>>> print(open('work-v9.cif').read())   # mmCIF, C-alpha atoms and all ligand atoms
data_run
loop_
_atom_site.label_atom_id
_atom_site.label_comp_id
_atom_site.auth_asym_id
_atom_site.auth_seq_id
_atom_site.Cartn_x
_atom_site.Cartn_y
_atom_site.Cartn_z
CA MET C 1 44.38 -85.69 109.94
CA THR C 2 44.48 -82.38 111.76
CA ILE C 3 47.62 -81.51 113.64
CA CYS C 4 46.88 -79.11 116.48
CA ASP C 5 49.48 -76.49 117.31
CA PRO C 6 50.36 -76.55 121.00
CA PRO C 7 49.02 -73.46 122.80
CA VAL C 8 51.56 -70.62 123.03
CA ILE C 9 51.17 -70.45 126.81
CA PRO C 10 50.71 -74.05 127.94
CA ASP C 11 47.56 -74.63 129.95
CA VAL C 12 47.97 -76.11 133.39
CA HIS C 13 45.68 -79.08 133.88
CA PRO C 14 42.38 -77.90 135.42
CA ALA C 15 42.70 -80.47 138.23
CA LEU C 16 45.99 -78.89 139.31
CA VAL C 17 44.71 -75.32 139.10
CA GLY C 18 41.40 -76.10 140.82
CA ARG C 19 42.83 -78.24 143.63
CA PHE C 20 42.72 -76.77 147.13
CA SER C 21 42.89 -78.01 150.70
CA PRO C 22 39.40 -77.83 152.23
CA VAL C 23 38.81 -77.07 155.90
CA GLY C 24 35.23 -78.35 155.79
CA PHE C 25 34.14 -81.80 154.56
CA ASP C 26 30.59 -83.03 153.99
CA PRO C 27 30.00 -85.54 156.82
CA THR C 28 27.34 -87.39 154.81
CA ILE C 29 29.62 -88.49 151.97
CA GLU C 30 30.89 -92.07 152.15
CA VAL C 31 33.65 -93.60 150.07
CA SER C 32 33.45 -97.13 148.72
CA ASP C 33 36.08 -99.85 148.98
CA GLY C 34 36.58 -99.43 145.23
CA GLN C 35 37.34 -95.72 145.63
CA ILE C 36 39.85 -96.47 148.40
CA ASP C 37 41.42 -99.15 146.18
CA SER C 38 41.80 -96.68 143.34
CA LEU C 39 43.50 -94.15 145.65
CA LEU C 40 45.94 -96.86 146.75
CA ASP C 41 46.48 -97.89 143.13
CA ALA C 42 47.29 -94.29 142.18
CA ALA C 43 50.04 -94.37 144.83
CA ARG C 44 51.24 -97.78 143.59
CA HIS C 45 51.77 -96.39 140.11
CA ALA C 46 53.92 -93.45 141.25
CA PRO C 47 57.61 -93.48 140.31
CA SER C 48 60.22 -93.95 143.03
CA ALA C 49 64.01 -94.05 143.27
CA GLY C 50 65.16 -97.51 142.13
CA ASN C 51 61.49 -98.52 142.23
CA SER C 52 61.93 -98.69 146.02
CA GLN C 53 58.25 -97.84 146.67
CA PRO C 54 59.00 -96.61 150.19
CA TRP C 55 55.40 -96.01 151.20
CA GLN C 56 52.59 -97.58 153.16
CA PHE C 57 49.29 -96.18 154.34
CA ILE C 58 46.95 -96.60 157.29
CA VAL C 59 43.43 -96.16 155.93
CA GLY C 60 40.63 -95.03 158.23
CA ARG C 61 37.18 -94.76 156.68
CA ARG C 62 34.79 -92.59 158.71
CA GLY C 63 32.79 -94.84 161.04
CA GLY C 64 35.44 -97.56 161.02
CA ASP C 65 37.76 -98.75 163.76
CA ALA C 66 40.97 -97.40 162.18
CA HIS C 67 39.29 -94.00 161.77
CA ARG C 68 38.37 -93.92 165.47
CA ARG C 69 41.96 -94.75 166.39
CA ILE C 70 43.40 -92.09 164.06
CA VAL C 71 41.05 -89.32 165.17
CA ARG C 72 42.25 -89.62 168.79
CA HIS C 73 45.63 -88.27 167.71
CA LEU C 74 44.56 -85.23 165.71
CA ALA C 75 45.76 -81.80 166.86
CA ARG C 76 43.22 -79.25 168.00
CA SER C 77 43.40 -77.49 164.61
CA SER C 78 42.86 -80.54 162.39
CA SER C 79 40.23 -82.00 164.73
CA GLN C 80 37.98 -79.11 163.60
CA TRP C 81 37.68 -80.45 160.07
CA ALA C 82 39.48 -83.77 159.48
CA PRO C 83 37.06 -86.14 161.31
CA SER C 84 34.20 -85.33 158.93
CA ALA C 85 36.26 -86.24 155.85
CA SER C 86 35.18 -89.52 154.27
CA VAL C 87 38.53 -91.22 154.78
CA LEU C 88 41.82 -90.42 156.48
CA PHE C 89 45.10 -91.77 155.16
CA VAL C 90 48.20 -91.82 157.38
CA ASN C 91 51.21 -91.63 155.07
CA LEU C 92 54.23 -93.72 156.12
CA ALA C 93 57.77 -93.51 154.70
CA HIS C 94 60.21 -96.43 154.77
CA THR C 95 63.21 -94.53 156.13
CA THR C 96 65.72 -97.06 157.51
CA VAL C 97 66.63 -100.71 156.95
CA GLU C 98 64.86 -103.00 159.41
CA GLY C 99 67.10 -104.07 162.28
CA THR C 100 69.61 -101.23 161.82
CA ASP C 101 69.78 -98.00 163.76
CA ASP C 102 70.38 -95.63 160.92
CA TRP C 103 71.02 -97.34 157.58
CA GLU C 104 69.00 -95.27 155.18
CA TYR C 105 66.52 -97.39 153.20
CA SER C 106 66.46 -94.77 150.44
CA GLU C 107 67.72 -91.22 150.47
CA PHE C 108 64.56 -90.36 148.55
CA ALA C 109 62.03 -92.07 150.84
CA ARG C 110 60.14 -88.93 151.85
CA TYR C 111 60.45 -87.46 148.33
CA ASP C 112 58.90 -90.60 146.87
CA LEU C 113 56.17 -90.76 149.52
CA GLY C 114 55.26 -87.16 148.73
CA GLN C 115 54.98 -87.96 145.06
CA ALA C 116 52.80 -91.01 145.73
CA VAL C 117 50.52 -88.84 147.89
CA ALA C 118 50.40 -86.20 145.15
CA HIS C 119 49.26 -88.84 142.68
CA MET C 120 46.61 -89.96 145.16
CA THR C 121 45.27 -86.44 145.54
CA ILE C 122 44.87 -86.08 141.77
CA GLN C 123 43.20 -89.50 141.59
CA GLY C 124 40.91 -88.25 144.38
CA LEU C 125 39.85 -85.30 142.22
CA HIS C 126 39.10 -87.75 139.41
CA LEU C 127 36.77 -89.55 141.86
CA GLY C 128 35.16 -86.28 142.99
CA LEU C 129 37.09 -86.22 146.27
CA ASP C 130 39.00 -83.20 147.53
CA ALA C 131 42.08 -83.71 149.68
CA HIS C 132 43.82 -81.90 152.51
CA GLN C 133 47.31 -83.09 153.43
CA PHE C 134 48.40 -82.15 156.93
CA ARG C 135 50.94 -82.49 159.70
CA ALA C 136 48.76 -81.32 162.61
CA PHE C 137 48.55 -84.56 164.57
CA ASP C 138 50.57 -86.49 167.14
CA ARG C 139 53.02 -88.55 165.09
CA SER C 140 54.32 -90.56 168.03
CA GLY C 141 50.74 -91.18 169.13
CA ILE C 142 49.90 -92.72 165.74
CA THR C 143 53.21 -94.66 165.79
CA GLY C 144 52.24 -96.26 169.10
CA GLU C 145 48.56 -96.71 168.23
CA PHE C 146 49.36 -98.77 165.12
CA SER C 147 52.64 -100.32 166.34
CA VAL C 148 54.57 -98.73 163.46
CA PRO C 149 58.13 -100.14 163.69
CA ALA C 150 61.20 -97.91 163.93
CA HIS C 151 62.20 -98.35 160.28
CA TRP C 152 58.98 -96.69 159.14
CA GLU C 153 58.14 -93.03 159.76
CA VAL C 154 54.67 -91.64 160.27
CA THR C 155 55.13 -88.62 158.00
CA SER C 156 51.82 -86.91 157.26
CA MET C 157 48.10 -87.48 156.78
CA THR C 158 45.64 -86.86 153.97
CA ALA C 159 41.92 -86.25 154.50
CA PHE C 160 39.77 -87.12 151.46
CA GLY C 161 36.14 -86.09 151.07
CA VAL C 162 33.82 -83.60 149.47
CA SER C 163 34.48 -80.00 150.42
CA THR C 164 31.65 -77.94 151.88
CA HIS C 165 33.18 -74.71 150.56
CA SER C 166 35.00 -73.30 147.57
CA ALA C 167 38.71 -72.53 147.31
CA GLY C 168 39.77 -69.62 149.51
CA GLU C 169 36.27 -69.14 150.95
CA ILE C 170 37.34 -70.14 154.45
CA ARG C 171 40.73 -69.07 155.77
CA SER C 172 42.45 -71.46 158.14
CA ALA C 173 45.10 -70.38 160.65
CA GLY C 174 48.63 -71.14 159.53
CA THR C 175 47.74 -71.85 155.93
CA SER C 176 47.86 -69.62 152.89
CA ARG C 177 46.94 -69.97 149.23
CA GLU C 178 49.41 -67.37 148.02
CA ARG C 179 52.00 -68.60 145.60
CA ALA C 180 55.55 -67.57 144.77
CA SER C 181 55.77 -66.29 141.21
CA ARG C 182 57.10 -68.31 138.30
CA ALA C 183 60.22 -66.09 138.37
CA ASP C 184 60.65 -66.72 142.11
CA ILE C 185 60.79 -70.48 141.63
CA THR C 186 63.08 -70.44 138.59
CA TRP C 187 66.71 -70.68 139.71
CA ALA C 188 68.01 -70.54 136.15
CA ARG C 189 66.40 -70.82 132.76
CA GLY C 190 68.01 -70.73 129.39
C1 LIG C 201 53.30 -81.91 154.13
C2 LIG C 201 52.15 -80.96 154.34
C3 LIG C 201 51.78 -80.62 155.63
C4 LIG C 201 50.68 -79.78 155.83
N1 LIG C 201 50.27 -79.55 157.11
C5 LIG C 201 49.12 -78.86 157.31
C6 LIG C 201 48.59 -78.73 158.62
O1 LIG C 201 49.13 -79.25 159.59
N2 LIG C 201 47.43 -78.03 158.78
C7 LIG C 201 46.77 -77.47 157.70
O2 LIG C 201 45.70 -76.90 157.89
N3 LIG C 201 47.25 -77.60 156.44
C8 LIG C 201 48.40 -78.27 156.22
N4 LIG C 201 48.88 -78.43 154.95
C9 LIG C 201 48.17 -77.81 153.82
C10 LIG C 201 48.89 -76.54 153.35
O3 LIG C 201 48.80 -75.54 154.34
C11 LIG C 201 48.29 -76.08 152.02
O4 LIG C 201 48.54 -77.07 151.04
C12 LIG C 201 48.87 -74.73 151.56
O5 LIG C 201 48.50 -73.70 152.46
C13 LIG C 201 48.41 -74.36 150.15
O6 LIG C 201 47.01 -74.32 150.11
P1 LIG C 201 46.19 -75.19 149.04
O7 LIG C 201 46.53 -76.63 149.28
O8 LIG C 201 44.73 -74.90 149.34
O9 LIG C 201 46.61 -74.76 147.69
C14 LIG C 201 49.99 -79.23 154.72
C15 LIG C 201 50.39 -79.57 153.42
C16 LIG C 201 51.44 -80.42 153.23
C17 LIG C 201 51.82 -80.80 151.81
#
>>> encode(input="work-v9.cif", output="structure tokens", more="lines below")
Ligand SMILES: Cc1cc2nc3c(=O)[nH]c(=O)nc-3n(C[C@H](O)[C@H](O)[C@H](O)COP(=O)(O)O)c2cc1C
Amino acid sequence: MTICDPPVIPDVHPALVGRFSPVGFDPTIEVSDGQIDSLLDAARHAPSAGNSQPWQFIVGRRGGDAHRRIVRHLARSSSQWAPSASVLFVNLAHTTVEGTDDWEYSEFARYDLGQAVAHMTIQGLHLGLDAHQFRAFDRSGITGEFSVPAHWEVTSMTAFGVSTHSAGEIRSAGTSRERASRADITWARG
């Protein structure tokens, strides 16, 4: 048996290094039900505080009714590129207990939703789908459109599809690909 030494400087997984948020999606690419199921399953397998699983998703495949209803509420910026993505996910967080005004369902609801979405985006790369998470849409419009009750929050969206460009090739207003350094993000290390 050969025991491999771990690399001195650990490699970051290529999916994480190569991931980027496209602002152009190929409008001819369609996703299958099976691909959508595997994105949802990636979210299902994410960890959450107390296994609370405080997430749900509205799934709009391009050409479908839910997609038409989602697209109406995009902001001017996201309407330039999100409609041509193969599928749009609206990401919902379970924030309060049903029937109460402000009893928190989980103090980690949005944290857990974000992690579930992160897992979905990596699953997307495994399926050959790029992802762009975004906030540029009318949250209250989506809330009304899909009758989302008060104990759930419409938090963000994710567009999945095949990018028409490479990372950094097209600059989009208000976004940047620059990163803080490793030292900048390390509060303490010892
Ligand atoms: C919660 C969240 C909200 C975002 N909102 C927007 C948005 O409204 N419009 C946009 O173009 N990108 C949005 N982004 C994408 C970021 O701008 C992008 O991830 C960041 O600039 C880093 O670029 P990269 O993903 O290509 O590495 C959002 C990302 C996250 C996680």
>>> residues_near_ligand(input="work-v9.cif", ligand="ligand LIG 201 (chain C)", cutoff="9 Å", atoms="only C-alpha atoms and all ligand atoms", output="PyMOL selection string")
chain C and resi 17-23+75+77-78+114+118+131-137+155-158+167-168+172-179
>>> closest_residue(input="work-v9.cif", among="C:Pro149, C:Pro54, C:Gly161, C:Gly128", to="C:Glu30", atoms="all atoms listed in the file")
C:Gly161
>>> atom_distance(input="work-v9.cif", atom1="atom CA of C:Leu127", atom2="atom CA of C:Gln35")
7.3 Å
>>> residues_around(input="work-v9.cif", residues="C:Ile142", least_positions_apart="2", cutoff="9 Å", atoms="only C-alpha atoms", output="NGL selection string")
:C and (69-70 or 72-73 or 90 or 137-140 or 144-148 or 154)
>>> residues_around(input="work-v9.cif", residues="C:Glu107", least_positions_apart="3", cutoff="9 Å", atoms="all atoms listed in the file", output="MDAnalysis selection string")
chainID C and resid 49 95 104 110:111
>>> closest_residue(input="work-v9.cif", among="C:Thr143, C:Thr164, C:Gln115, C:Ser181", to="C:Leu129", atoms="only C-alpha atoms")
C:Thr164
>>> atom_distance(input="work-v9.cif", atom1="atom CA of C:Gly50", atom2="atom CA of C:Ser106")
8.8 Å
>>> closest_residue(input="work-v9.cif", among="C:Ser32, C:Asp101, C:Leu40, C:Pro83", to="C:Ala159", atoms="only C-alpha atoms")
C:Pro83
>>> residues_around(input="work-v9.cif", residues="C:Phe25", least_positions_apart="4", cutoff="8 Å", atoms="all atoms listed in the file", output="ChimeraX atom specification")
/C:81-82,84-86,161-164
>>> atom_distance(input="work-v9.cif", atom1="atom CA of C:Ala116", atom2="atom CA of C:Ile58")
14.1 Å
>>> residues_near_point(input="work-v9.cif", point="(41.7, -81.2, 138.6)", cutoff="8 Å", atoms="only C-alpha atoms", output="list in words")
His13, Pro14, Ala15, Leu16, Val17, Gly18, Arg19, Ile122, Leu125 and His126 of chain C
>>> closest_residue(input="work-v9.cif", among="C:Asp112, C:Asp184, C:Asp102, C:Asp26", to="C:Ala43", atoms="all atoms listed in the file")
C:Asp112
>>> closest_residue(input="work-v9.cif", among="C:Gln123, C:Phe160, C:Asp130, C:Val97", to="C:Arg61", atoms="all atoms listed in the file")
C:Phe160
>>> closest_residue(input="work-v9.cif", among="C:Pro10, C:Gly24, C:Gly190, C:Pro47", to="C:Ala109", atoms="all atoms listed in the file")
C:Pro47
>>> residues_around(input="work-v9.cif", residues="C:His45", least_positions_apart="3", cutoff="10 Å", atoms="all atoms listed in the file", output="PDB file with C-alpha atoms, in the frame of the given file")
ATOM      1  CA  LEU C  40      45.940 -96.860 146.750  1.00  0.00           C
ATOM      2  CA  ASP C  41      46.480 -97.890 143.130  1.00  0.00           C
ATOM      3  CA  ALA C  42      47.290 -94.290 142.180  1.00  0.00           C
ATOM      4  CA  SER C  48      60.220 -93.950 143.030  1.00  0.00           C
ATOM      5  CA  GLN C  53      58.250 -97.840 146.670  1.00  0.00           C
ATOM      6  CA  ALA C 116      52.800 -91.010 145.730  1.00  0.00           C
ATOM      7  CA  HIS C 119      49.260 -88.840 142.680  1.00  0.00           C
ATOM      8  CA  MET C 120      46.610 -89.960 145.160  1.00  0.00           C
TER       9      MET C 120
END
